[in-house]
Structures are given as structure tokens and as C-alpha cells.
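Engineer: Following this line is model_9.tsv, made up of TSV, C-alpha atoms and all ligand atoms:
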```tsv
chain	number	residue	atom	x	y	z
A	1	MET	CA	-21.00	-2.59	-7.46
A	2	LYS	CA	-22.74	0.66	-6.74
A	3	ALA	CA	-21.23	3.46	-8.67
A	4	GLY	CA	-23.57	5.94	-10.25
A	5	ILE	CA	-20.64	8.08	-11.22
A	6	VAL	CA	-21.01	10.10	-14.38
A	7	LEU	CA	-18.20	12.24	-15.59
A	8	PRO	CA	-19.06	15.83	-16.38
A	9	ALA	CA	-19.99	16.15	-20.03
A	10	ALA	CA	-17.27	18.76	-20.40
A	11	GLY	CA	-14.31	17.75	-22.50
A	12	ILE	CA	-11.77	19.04	-24.90
A	13	ALA	CA	-13.88	18.52	-27.96
A	14	SER	CA	-16.95	20.22	-26.57
A	15	ALA	CA	-16.11	22.61	-23.77
A	16	HIS	CA	-12.42	23.17	-24.33
A	17	SER	CA	-11.70	22.82	-20.64
A	18	PHE	CA	-10.84	20.18	-18.16
A	19	SER	CA	-10.63	22.49	-15.22
A	20	ALA	CA	-13.06	20.25	-13.33
A	21	PHE	CA	-10.68	17.34	-13.78
A	22	ALA	CA	-7.35	19.05	-13.47
A	23	LYS	CA	-7.30	18.97	-9.68
A	24	THR	CA	-8.27	15.30	-9.56
A	25	PRO	CA	-5.30	13.09	-8.80
A	26	SER	CA	-4.88	9.84	-10.66
A	27	SER	CA	-6.04	7.01	-8.48
A	28	ALA	CA	-4.04	3.99	-7.44
A	29	ALA	CA	-2.07	1.95	-9.89
A	30	TYR	CA	-4.56	-0.94	-9.68
A	31	ARG	CA	-8.34	-0.97	-9.89
A	32	VAL	CA	-10.97	-3.68	-9.59
A	33	LEU	CA	-12.43	-4.76	-12.92
A	34	GLY	CA	-16.11	-4.60	-12.07
A	35	LYS	CA	-17.81	-7.76	-10.87
A	36	THR	CA	-14.92	-9.94	-12.02
A	37	GLY	CA	-13.10	-8.84	-8.86
A	38	LEU	CA	-9.83	-8.96	-10.81
A	39	LYS	CA	-7.31	-6.36	-9.68
A	40	VAL	CA	-5.92	-4.89	-12.88
A	41	SER	CA	-3.12	-2.40	-13.51
A	42	THR	CA	-4.59	0.88	-14.71
A	43	VAL	CA	-2.10	0.80	-17.56
A	44	GLY	CA	-2.42	-2.48	-19.39
A	45	SER	CA	-0.98	-3.60	-22.69
A	46	GLY	CA	-2.67	-3.87	-26.05
A	47	VAL	CA	-0.07	-6.13	-27.61
A	48	GLY	CA	-1.22	-5.40	-31.17
A	49	ILE	CA	-0.63	-7.33	-34.36
A	50	GLU	CA	3.14	-7.68	-33.92
A	51	PRO	CA	3.93	-7.88	-30.20
A	52	ASP	CA	7.50	-7.36	-29.04
A	53	PRO	CA	8.40	-10.05	-26.45
A	54	GLN	CA	10.88	-7.71	-24.80
A	55	VAL	CA	8.18	-5.08	-24.30
A	56	ILE	CA	5.89	-7.71	-22.78
A	57	ALA	CA	8.61	-8.87	-20.38
A	58	ARG	CA	9.45	-5.32	-19.35
A	59	ALA	CA	5.76	-4.49	-18.86
A	60	ILE	CA	5.41	-7.35	-16.37
A	61	ASP	CA	8.53	-6.13	-14.54
A	62	LEU	CA	6.94	-2.67	-14.28
A	63	GLY	CA	3.75	-4.04	-12.71
A	64	VAL	CA	1.52	-4.22	-15.80
A	65	ASN	CA	-0.71	-7.26	-15.37
A	66	TYR	CA	-3.40	-6.86	-18.07
A	67	PHE	CA	-2.68	-8.03	-21.62
A	68	ASP	CA	-5.11	-7.79	-24.50
A	69	THR	CA	-4.89	-9.49	-27.89
A	70	ALA	CA	-7.30	-11.00	-30.45
A	71	ARG	CA	-7.57	-14.23	-32.44
A	72	GLY	CA	-7.58	-12.29	-35.68
A	73	TYR	CA	-4.55	-10.08	-35.09
A	74	GLY	CA	-1.89	-11.05	-37.61
A	75	ASN	CA	-3.76	-14.28	-38.38
A	76	GLY	CA	-2.90	-15.65	-34.95
A	77	ASP	CA	0.69	-14.34	-34.78
A	78	SER	CA	-0.23	-11.88	-32.04
A	79	GLU	CA	-1.49	-14.67	-29.78
A	80	ARG	CA	1.44	-16.96	-30.64
A	81	ILE	CA	4.07	-14.32	-29.82
A	82	THR	CA	2.23	-13.26	-26.67
A	83	GLY	CA	1.90	-16.88	-25.52
A	84	ALA	CA	5.61	-17.48	-26.00
A	85	ALA	CA	6.52	-14.23	-24.22
A	86	LEU	CA	4.33	-15.20	-21.25
A	87	LYS	CA	5.89	-18.66	-20.85
A	88	GLY	CA	6.51	-19.22	-17.14
A	89	LYS	CA	4.65	-15.99	-16.28
A	90	ARG	CA	1.07	-16.93	-17.14
A	91	ASN	CA	-0.09	-16.92	-13.53
A	92	ARG	CA	1.17	-13.36	-13.07
A	93	VAL	CA	-1.05	-11.82	-15.73
A	94	ILE	CA	-4.68	-11.34	-16.72
A	95	LEU	CA	-5.08	-12.39	-20.32
A	96	ALA	CA	-7.86	-11.20	-22.62
A	97	THR	CA	-8.46	-12.19	-26.22
A	98	LYS	CA	-11.30	-11.88	-28.71
A	99	THR	CA	-13.23	-13.85	-31.30
A	100	ASP	CA	-14.67	-12.60	-34.57
A	101	GLY	CA	-16.73	-15.81	-34.73
A	102	ARG	CA	-20.45	-15.35	-35.36
A	103	THR	CA	-21.63	-18.96	-34.98
A	104	ARG	CA	-21.31	-21.37	-32.08
A	105	ASP	CA	-18.93	-23.60	-34.06
A	106	ALA	CA	-16.75	-20.67	-35.14
A	107	ILE	CA	-16.52	-19.38	-31.57
A	108	PHE	CA	-15.60	-22.83	-30.20
A	109	LYS	CA	-12.99	-23.27	-32.94
A	110	ASP	CA	-11.51	-19.85	-32.19
A	111	MET	CA	-11.27	-20.66	-28.49
A	112	ASP	CA	-9.38	-23.90	-29.09
A	113	GLU	CA	-7.00	-22.15	-31.48
A	114	SER	CA	-6.51	-19.22	-29.09
A	115	LEU	CA	-5.66	-21.48	-26.17
A	116	LYS	CA	-3.16	-23.37	-28.28
A	117	ALA	CA	-1.54	-20.19	-29.62
A	118	LEU	CA	-1.44	-18.56	-26.20
A	119	ASN	CA	0.04	-21.72	-24.67
A	120	THR	CA	-2.50	-21.80	-21.85
A	121	ASP	CA	-5.53	-23.85	-20.85
A	122	TYR	CA	-7.72	-20.84	-20.03
A	123	VAL	CA	-8.05	-17.15	-20.77
A	124	ASP	CA	-9.30	-14.66	-18.22
A	125	ILE	CA	-11.59	-12.71	-20.55
A	126	TRP	CA	-13.08	-13.89	-23.83
A	127	HIS	CA	-14.54	-11.02	-25.83
A	128	LEU	CA	-16.92	-11.00	-28.74
A	129	HIS	CA	-14.81	-8.80	-31.01
A	130	SER	CA	-15.84	-5.57	-32.73
A	131	ARG	CA	-19.58	-5.77	-32.05
A	132	ASP	CA	-20.78	-2.28	-32.97
A	133	THR	CA	-24.49	-2.96	-33.45
A	134	PRO	CA	-26.94	-4.88	-31.24
A	135	ASP	CA	-27.64	-7.52	-33.92
A	136	THR	CA	-23.97	-8.59	-33.89
A	137	ILE	CA	-24.38	-9.84	-30.31
A	138	THR	CA	-26.52	-12.85	-31.15
A	139	ASP	CA	-28.14	-15.25	-28.69
A	140	GLU	CA	-26.13	-18.04	-30.30
A	141	ALA	CA	-22.85	-16.20	-29.63
A	142	VAL	CA	-23.81	-15.47	-26.03
A	143	GLU	CA	-24.75	-19.12	-25.38
A	144	ALA	CA	-21.45	-20.27	-26.87
A	145	CYS	CA	-19.51	-17.89	-24.61
A	146	GLU	CA	-21.43	-19.04	-21.55
A	147	LEU	CA	-20.66	-22.65	-22.35
A	148	LEU	CA	-16.95	-21.87	-22.69
A	149	LYS	CA	-17.13	-20.21	-19.30
A	150	LYS	CA	-18.78	-23.29	-17.78
A	151	GLN	CA	-16.07	-25.47	-19.33
A	152	GLY	CA	-13.40	-23.35	-17.64
A	153	LYS	CA	-11.84	-22.22	-20.89
A	154	THR	CA	-12.51	-18.61	-19.93
A	155	ARG	CA	-13.10	-17.13	-16.52
A	156	PHE	CA	-15.17	-14.20	-17.78
A	157	ILE	CA	-16.88	-13.06	-20.98
A	158	GLY	CA	-17.02	-9.65	-22.59
A	159	VAL	CA	-17.84	-7.51	-25.59
A	160	SER	CA	-15.38	-5.34	-27.48
A	161	THR	CA	-17.03	-2.44	-29.30
A	162	HIS	CA	-16.27	0.87	-30.99
A	163	ASP	CA	-19.79	2.16	-30.45
A	164	VAL	CA	-20.58	1.45	-26.81
A	165	HIS	CA	-23.72	3.58	-26.85
A	166	ALA	CA	-25.24	1.46	-29.63
A	167	VAL	CA	-24.82	-1.84	-27.78
A	168	THR	CA	-25.32	-0.91	-24.13
A	169	ASP	CA	-29.05	-1.75	-24.01
A	170	ARG	CA	-28.39	-5.11	-25.64
A	171	ILE	CA	-25.52	-5.93	-23.25
A	172	LEU	CA	-27.54	-5.00	-20.18
A	173	SER	CA	-30.66	-6.84	-21.34
A	174	ILE	CA	-28.63	-10.03	-21.87
A	175	GLY	CA	-27.15	-9.65	-18.40
A	176	LYS	CA	-24.40	-12.22	-18.92
A	177	PHE	CA	-21.34	-10.15	-19.72
A	178	ASP	CA	-18.66	-9.32	-17.16
A	179	VAL	CA	-16.50	-6.89	-19.13
A	180	VAL	CA	-16.85	-4.34	-21.95
A	181	GLN	CA	-13.91	-2.94	-23.87
A	182	THR	CA	-14.48	0.23	-25.85
A	183	THR	CA	-12.78	3.14	-27.58
A	184	TYR	CA	-12.26	6.02	-25.19
A	185	SER	CA	-9.82	8.91	-25.32
A	186	TYR	CA	-9.54	12.65	-24.82
A	187	ALA	CA	-10.40	13.08	-28.50
A	188	ILE	CA	-13.64	11.12	-28.35
A	189	GLY	CA	-14.54	10.73	-24.69
A	190	SER	CA	-16.54	13.89	-24.28
A	191	ALA	CA	-19.41	12.67	-26.45
A	192	PRO	CA	-22.31	12.62	-23.95
A	193	LEU	CA	-23.84	9.40	-25.28
A	194	ARG	CA	-20.54	7.57	-24.87
A	195	GLN	CA	-20.08	8.93	-21.34
A	196	GLN	CA	-23.60	7.90	-20.38
A	197	ALA	CA	-23.18	4.40	-21.82
A	198	ILE	CA	-19.94	3.85	-19.90
A	199	ALA	CA	-21.53	5.11	-16.68
A	200	ARG	CA	-24.56	2.81	-17.11
A	201	LEU	CA	-22.41	-0.27	-17.68
A	202	TYR	CA	-20.16	0.60	-14.75
A	203	ALA	CA	-23.15	1.11	-12.47
A	204	GLU	CA	-24.26	-2.44	-13.30
A	205	GLY	CA	-20.88	-3.84	-12.29
A	206	ILE	CA	-19.48	-4.35	-15.79
A	207	GLY	CA	-15.69	-4.05	-15.81
A	208	MET	CA	-14.70	-1.31	-18.26
A	209	VAL	CA	-11.55	-1.45	-20.40
A	210	ALA	CA	-10.55	1.53	-22.56
A	211	MET	CA	-8.86	1.00	-25.91
A	212	LYS	CA	-7.42	3.40	-28.51
A	213	VAL	CA	-6.53	5.67	-25.62
A	214	ILE	CA	-3.45	7.26	-27.17
A	215	ILE	CA	-4.05	6.83	-30.87
A	216	ALA	CA	-4.83	10.47	-31.60
A	217	VAL	CA	-1.75	11.75	-29.86
A	218	ALA	CA	0.77	9.14	-30.92
A	219	GLY	CA	0.37	9.53	-34.65
A	220	PHE	CA	2.27	11.06	-37.47
A	221	ILE	CA	0.00	13.71	-38.93
A	222	PRO	CA	-0.29	16.61	-39.43
A	223	ARG	CA	3.30	16.22	-40.61
A	224	ASP	CA	4.34	19.79	-39.87
A	225	VAL	CA	3.50	19.44	-36.18
A	226	ASN	CA	5.99	18.42	-33.54
A	227	LEU	CA	4.13	15.92	-31.44
A	228	PRO	CA	4.47	16.45	-27.71
A	229	LYS	CA	6.76	13.71	-26.42
A	230	GLU	CA	4.62	13.12	-23.37
A	231	GLY	CA	1.30	13.32	-25.23
A	232	PRO	CA	0.52	9.61	-24.79
A	233	LEU	CA	1.20	9.87	-21.05
A	234	ALA	CA	-1.19	12.82	-20.76
A	235	ALA	CA	-3.80	10.97	-22.84
A	236	ILE	CA	-3.72	7.91	-20.57
A	237	LYS	CA	-3.94	10.10	-17.47
A	238	TRP	CA	-7.02	11.75	-19.01
A	239	VAL	CA	-8.73	8.39	-19.50
A	240	LEU	CA	-7.96	7.36	-15.92
A	241	LEU	CA	-9.73	10.44	-14.59
A	242	ASN	CA	-12.87	8.45	-15.25
A	243	PRO	CA	-13.27	6.08	-12.28
A	244	ALA	CA	-15.48	3.81	-14.38
A	245	ILE	CA	-12.44	2.81	-16.44
A	246	SER	CA	-10.46	0.07	-14.71
A	247	THR	CA	-7.69	-0.38	-17.21
A	248	THR	CA	-6.37	0.87	-20.53
A	249	VAL	CA	-4.73	-1.10	-23.34
A	250	PRO	CA	-2.42	1.26	-25.24
A	251	TYR	CA	-0.29	-0.27	-27.97
A	252	VAL	CA	3.38	0.61	-27.63
A	253	LYS	CA	6.15	0.02	-30.09
A	254	ASN	CA	9.15	-0.02	-27.79
A	255	ILE	CA	10.31	-0.07	-24.18
A	256	ALA	CA	10.83	3.69	-24.00
A	257	GLU	CA	7.16	4.29	-24.86
A	258	LEU	CA	6.10	1.66	-22.37
A	259	GLU	CA	8.18	3.17	-19.58
A	260	MET	CA	6.62	6.55	-20.22
A	261	ASN	CA	3.05	5.20	-20.33
A	262	VAL	CA	3.26	3.30	-17.05
A	263	ARG	CA	3.96	6.57	-15.26
A	264	ALA	CA	0.23	7.22	-15.70
A	265	MET	CA	-0.37	4.60	-13.01
A	266	ASN	CA	0.93	7.01	-10.39
A	267	GLU	CA	1.07	10.53	-11.83
A	268	THR	CA	-1.52	13.29	-11.61
A	269	TYR	CA	-3.31	14.90	-14.58
A	270	THR	CA	-2.07	18.49	-14.75
A	271	PRO	CA	-3.10	21.79	-16.38
A	272	GLN	CA	-0.11	21.31	-18.72
A	273	ASP	CA	-1.58	17.97	-19.79
A	274	GLU	CA	-4.90	19.64	-20.44
A	275	LYS	CA	-3.32	22.36	-22.57
A	276	MET	CA	-1.32	19.81	-24.54
A	277	LEU	CA	-4.34	17.64	-25.27
A	278	TYR	CA	-6.51	20.60	-26.22
A	279	THR	CA	-3.88	21.83	-28.68
A	280	ARG	CA	-3.60	18.37	-30.20
A	281	SER	CA	-7.36	18.00	-30.41
A	282	GLU	CA	-7.58	21.14	-32.51
A	283	GLU	CA	-4.65	20.15	-34.74
A	284	ILE	CA	-6.33	16.92	-35.75
A	285	ARG	CA	-9.86	18.27	-36.08
A	286	PRO	CA	-10.23	17.90	-39.90
A	287	LEU	CA	-8.31	14.63	-39.90
A	288	TYR	CA	-9.36	12.48	-36.97
A	289	CYS	CA	-12.74	10.76	-36.79
A	290	ARG	CA	-13.73	10.84	-33.13
A	291	MET	CA	-16.05	7.85	-33.49
A	292	CYS	CA	-19.00	9.75	-32.09
A	293	TYR	CA	-21.32	8.09	-34.65
A	294	GLU	CA	-23.17	11.34	-35.16
A	295	CYS	CA	-22.48	11.76	-38.89
A	296	LYS	CA	-25.25	13.55	-40.73
A	297	GLY	CA	-26.42	12.07	-44.02
A	298	ILE	CA	-26.29	8.70	-45.71
A	299	CYS	CA	-23.87	7.55	-48.38
A	300	PRO	CA	-25.86	6.35	-51.43
A	301	LYS	CA	-23.16	3.76	-52.13
A	302	GLY	CA	-23.32	2.26	-48.65
A	303	MET	CA	-19.88	3.35	-47.48
A	304	PRO	CA	-19.29	2.44	-43.79
A	305	VAL	CA	-17.72	5.85	-43.21
A	306	THR	CA	-16.63	5.45	-39.61
A	307	ASP	CA	-15.07	2.03	-40.22
A	308	GLU	CA	-12.96	3.24	-43.12
A	309	LEU	CA	-11.91	6.37	-41.24
A	310	ARG	CA	-10.94	4.21	-38.26
A	311	PHE	CA	-8.76	1.99	-40.43
A	312	LEU	CA	-7.03	5.05	-41.82
A	313	ALA	CA	-6.44	6.25	-38.27
A	314	TYR	CA	-4.57	3.02	-37.48
A	315	ASN	CA	-1.98	4.21	-39.97
A	316	ASP	CA	-2.11	7.98	-39.67
A	317	PHE	CA	-2.47	8.18	-35.91
A	318	GLY	CA	-1.22	4.81	-34.74
A	319	GLY	CA	1.66	4.34	-37.18
A	320	ASP	CA	0.45	0.82	-37.91
A	321	PHE	CA	0.06	0.34	-41.65
A	322	HIS	CA	-0.38	-3.43	-41.34
A	323	GLN	CA	-3.34	-3.14	-39.01
A	324	ALA	CA	-4.87	-0.47	-41.26
A	325	GLN	CA	-4.51	-2.59	-44.38
A	326	GLU	CA	-5.55	-5.85	-42.72
A	327	SER	CA	-8.70	-4.18	-41.41
A	328	PHE	CA	-9.49	-2.60	-44.79
A	329	ARG	CA	-9.06	-5.94	-46.57
A	330	ARG	CA	-11.70	-7.53	-44.33
A	331	LEU	CA	-14.36	-5.20	-45.78
A	332	PRO	CA	-16.71	-6.75	-48.37
A	333	LYS	CA	-15.39	-6.51	-51.95
A	334	GLU	CA	-18.17	-4.15	-53.06
A	335	ILE	CA	-17.23	-1.72	-50.27
A	336	ARG	CA	-13.49	-1.96	-50.98
A	337	GLU	CA	-14.19	-0.96	-54.55
A	338	ILE	CA	-15.99	2.32	-53.73
A	339	ARG	CA	-13.94	5.35	-54.76
A	340	CYS	CA	-14.90	8.61	-53.11
A	341	SER	CA	-12.85	10.44	-55.75
A	342	ASP	CA	-15.69	9.57	-58.15
A	343	CYS	CA	-18.03	11.81	-56.12
A	344	SER	CA	-17.85	15.55	-56.68
A	345	SER	CA	-19.15	16.14	-53.17
A	346	CYS	CA	-20.03	14.01	-50.15
A	347	THR	CA	-23.48	13.48	-48.65
A	348	ILE	CA	-21.95	12.92	-45.20
A	349	GLN	CA	-21.38	15.89	-42.93
A	350	CYS	CA	-19.31	15.70	-39.80
A	351	PRO	CA	-20.28	18.08	-36.96
A	352	ASN	CA	-16.77	17.68	-35.57
A	353	GLY	CA	-15.15	19.13	-38.67
A	354	VAL	CA	-13.67	16.01	-40.28
A	355	ASP	CA	-13.07	16.46	-43.99
A	356	VAL	CA	-14.86	13.18	-44.72
A	357	ARG	CA	-14.49	12.89	-48.51
A	358	ASN	CA	-10.79	13.73	-48.58
A	359	ARG	CA	-10.01	11.43	-45.67
A	360	LEU	CA	-11.82	8.57	-47.38
A	361	ILE	CA	-9.99	9.26	-50.65
A	362	ARG	CA	-6.72	9.00	-48.72
A	363	ALA	CA	-7.87	5.74	-47.06
A	364	GLN	CA	-8.68	4.21	-50.44
A	365	GLU	CA	-5.45	5.37	-52.08
A	366	LEU	CA	-3.38	4.04	-49.20
A	367	LEU	CA	-5.14	0.83	-48.27
A	368	ALA	CA	-7.04	-0.55	-51.28
B	1	LIG	S1	-17.09	11.42	-39.23
B	1	LIG	FE1	-17.48	13.01	-37.70
B	1	LIG	S2	-19.60	12.69	-37.07
B	1	LIG	FE2	-18.95	10.83	-38.12
B	1	LIG	S3	-18.25	9.50	-36.47
B	1	LIG	FE3	-16.45	10.59	-37.25
B	1	LIG	S4	-16.25	12.40	-35.93
B	1	LIG	FE4	-18.32	11.58	-35.62
B	2	LIG	S1	-17.70	10.75	-51.14
B	2	LIG	FE1	-19.45	9.70	-52.13
B	2	LIG	S2	-18.99	7.48	-51.92
B	2	LIG	FE2	-17.68	8.58	-50.48
B	2	LIG	S3	-18.83	8.53	-48.57
B	2	LIG	FE3	-19.29	10.50	-49.58
B	2	LIG	S4	-21.15	10.09	-50.73
B	2	LIG	FE4	-20.29	8.09	-50.19
```
For this file, write the structure as C-alpha cells.
Ligand code: SF4
Ligand code: SF4
Structural biologist:
Amino acid sequence: MKAGIVLPAAGIASAHSFSAFAKTPSSAAYRVLGKTGLKVSTVGSGVGIEPDPQVIARAIDLGVNYFDTARGYGNGDSERITGAALKGKRNRVILATKTDGRTRDAIFKDMDESLKALNTDYVDIWHLHSRDTPDTITDEAVEACELLKKQGKTRFIGVSTHDVHAVTDRILSIGKFDVVQTTYSYAIGSAPLRQQAIARLYAEGIGMVAMKVIIAVAGFIPRDVNLPKEGPLAAIKWVLLNPAISTTVPYVKNIAELEMNVRAMNETYTPQDEKMLYTRSEEIRPLYCRMCYECKGICPKGMPVTDELRFLAYNDFGGDFHQAQESFRRLPKEIREIRCSDCSSCTIQCPNGVDVRNRLIRAQELLA
């Protein structure tokens, strides 16, 4: 694939304007997922920790054909419920799941358990899950994924990451991956390093999947703000302005949300959308970590600031307390025991205006 398309660096968070984008119509409802050649619906489904079978069935009826889950979601419940909901419809969908396994044996074990839970004999995309630094994409893990591909247990292999810039060189130097899934939304997408990383991967034929596309607009804080009803729709349309992104995997809680989101497959991004997203971006400025990974300073206690802020966002902006708590509980014990309230001030500064110490205090009070 020859692309070479780089979105303008302008964005809500940096330039406060999308005028360059506003005239761009959304493209067709389906796009090709890089070198996989798979034709995917631009609005897919992140089924989440507790999928609703009725939402899955309705999504298929509405033309959604891309479904994303993970071995670790709900200790396998997510895959089990998804597998049951897809019974008799498996050949109509593209199914992606992910492994947290770090060794060859753990990855093989996860694959066998995923296939059983999903009630299928193959997945379409098998991701290494949550690989945010180059050293987490080990040669051993890559070899295991390649072998699973040769065995026909997965058609394609990928990497899921929150920090795409950090792992792009590693992914391209390995040269084996077909797909990359990463965080991308109006609230975080304007970071130039993220834009450049996505453009580089796309130019090399990697199929790009965007996750956490609506999280900052679908949440519940600040509490005194009336969230725009069609905020998630506008947020998905914003993501699809980037032609490098083939599909999105928003999590939806009910059929009404789903029916609104799928309109992004055919509707145009408008100046009203731009205004709505800009307003929301400013409302959440002290509260929402944009995952730009540009924090200044180092925590002397070793706090993984962006991870803990992301877990809090699952609750505060995604309305998903279980995912927030499950993620927090996977942190090492010594990290879970850090209390930012014991610090009189924080050594971490956020150029985007996040009130880091107070957000971390809230995360620890809520999730520990
Ligand atoms: S805390 Fe601020 S600087 Fe750090 S990743 Fe989040 S938004 Fe970026
Ligand atoms: S408040 Fe203290 S413990 Fe918490 S991140 Fe800042 S420096 Fe680290």
C-alpha cells in the first residue's frame, strides 16, 4: 500500500480548529485494513468486559463486521459471551482478540483458551496486548505469533498499544505484523508524534485500528456539564477523517448508543461537530490524560502516571468501574500501595493542564 498521507498537525488540543477537516466528507462505510486486504466496517465494536449479546446481534444487522475483544477481559467472560453471540454468524464477522502472554507457552495457552471461549477454530487478528514499550514486543512473542499464523489459528497478527510512537520503530523493524491497534481520539490525536507514527505504519501497509475513540466524550465528569448527546458520533467522525484509520472499536452499552455510532459510517464531519468537540476538550482539560506521554518530571516512587490515569478514565470517562478496577488490580503490589496524598506536591508536570496529583489521589481512593 502506498499512502504517505499525514494528517495536518492541527487539532483541537493544539490549534483549536479543524477547519481543514470540516469540509472533508466521511469516506465509505467500509475500508481495507492495510495489507490484510480485509474489508472492515469503519465503525466496529469493542465488545468490552461485559458484552451485551443483543448489541452484538444488532451491530451485525447494521453492517458492523469488526469485533474486538481480549483474553483478559473479565477473565475470559468477554470472549465467552462474544462467542455465544456470534454462533451461526462467525463467517460474517472479522474477529480480533489479544493476549497478555509474554512467553511462547503463555501465548499458545491463551490462543487455545481464546478459540474455545470464542467457539471458533481461528481468529482473524491475534494481537499482543498492551505493548507500550519496545521491550514488551519480544522476539519470543513474535515467533509464537508467527507459528500460530502458520498453524491457521490466526489469519493475521498485530500489536495493541497505548503509545504507538514508542513502539513504531520496533514494529517496523520486525516487519511481521499486519495490524496495529492504538488509542486515537479528538482529545489525543493531535499529538504530532502520534500522528507521525500512525502515518508511518499506514505507509508500510499496516492496518490501523483506533480504540478509545469516544471515551473522553462519553463519560460522566465534570458532573455539572450536560454532555452533548451526539458527542460520541462526532468523535467517531473525527477519527475517520484520518484515512490511515480503517476501523474504530468504540464500546457501547446499549442499542441506542450503537445505532447512533454507526451513523458515522455514512455521515459527514461538520462545523457543529468541531465546535462540540472543542468545547468538550476544554471542559476535560484538568481531568483527562490525553496519553501524549510528554509528562515532565519523574516520580521518585516509580508511579506509572499515565497507566493509573488511564484506568481512572475507564471509570470517569467510560463509565466502566469494573474495567478501571480490574486494570488497577493488575498493577504490582508496590505500585498499588503508593498514595499520592502522602506527597505535598507532585514532581510530574503535565503540559496539557492535567491536575496530576489530584487525579491520582482520586484513582487511588476509588480503585485501590
Ligand atoms: S499527564 Fe499530561 S503530559 Fe502526561 S501523558 Fe497525560 S496528558 Fe500527556
Ligand atoms: S504525587 Fe508523589 S507519588 Fe504521586 S506521582 Fe506525584 S510525585 Fe509520585
Engineer: List as number ranges by chain the protein and nucleic acid residues near A:Gly297, meaning an atom at most 9 Å away when only C-alpha atoms are counted, but skip any in the same chain fewer than 2 places from it.
Structural biologist: A: 295, 299, 347-349
Engineer: Can you write out the residues you just picked, keeping C-alpha atoms, as a short mmCIF file (atom, residue, chain, number, x, y, z; two decimals), keeping the file's coordinate frame?
Structural biologist:
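The new file again_37.cif reads:
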```cif
data_model
loop_
_atom_site.label_atom_id
_atom_site.label_comp_id
_atom_site.auth_asym_id
_atom_site.auth_seq_id
_atom_site.Cartn_x
_atom_site.Cartn_y
_atom_site.Cartn_z
CA CYS A 295 -22.48 11.76 -38.89
CA CYS A 299 -23.87 7.55 -48.38
CA THR A 347 -23.48 13.48 -48.65
CA ILE A 348 -21.95 12.92 -45.20
CA GLN A 349 -21.38 15.89 -42.93
#
```
Engineer: Given the choices A:Tyr184, A:Ala363, A:Ile335, A:Ile245, which gets closest to A:Cys292 if the distance is worked out from all atoms listed in the file?
Structural biologist: A:Tyr184
Engineer: Need to verify the contact set: stretch 71-83 of chain A, 7 Å, only C-alpha atoms, exclusion of same-chain residues closer than 6 positions in sequence. Can you return it as an MDAnalysis selection string?
Structural biologist: chainID A and resid 48:51 53 97:99 110 114 117:119
Engineer: Skip A:Arg194 itself and residues of its chain fewer than 6 positions away, then list as a list in words all residues within 10 Å of it, counting all atoms listed in the file.
Structural biologist: Ala9, Asp163, Val164, His165, Ala166, Thr168, Thr182, Thr183, Tyr184, Ile188, Arg200, Met291, Cys292 and Tyr293 of chain A
Engineer: Taking only C-alpha atoms and all ligand atoms and a cut-off of 12 Å, can you tell me which residues surround ligand LIG 1 (chain B), written as a ChimeraX atom specification?
Structural biologist: /A:13,162-163,187-191,193-194,281,284-299,303-313,346-360
Engineer: Could you give me, as a ChimeraX atom specification, the residues within 8 Å of A:His129, counting all atoms listed in the file and dropping anything in the same chain fewer than 5 positions from it?
Structural biologist: /A:70,98-100,159-161
Engineer: Quote the spacing between atom CA of A:Ala144 and atom CA of A:Asp132 in Å to one decimal place.
Structural biologist: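 Between atom CA of A:Ala144 and atom CA of A:Asp132 the gap works out to 19.0 Å.
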Engineer: Calculate how many Å separate atom CA of A:Asp135 from atom CA of A:Pro192, rounding to one decimal.
Structural biologist: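 If I compute the distance from atom CA of A:Asp135 to atom CA of A:Pro192, I get 23.1 Å.
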Engineer: How far is it from atom CA of A:Gly231 to atom CA of A:Ala29, in Å with one decimal?
Structural biologist: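 Taking atom CA of A:Gly231 as the start and atom CA of A:Ala29 as the end point, the length is 19.4 Å.
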Engineer: Looking at all atoms listed in the file, which of A:Arg31, A:Gly302, A:Phe321, A:Glu337 is the one that sits closest to ligand LIG 2 (chain B)?
Structural biologist: A:Gly302
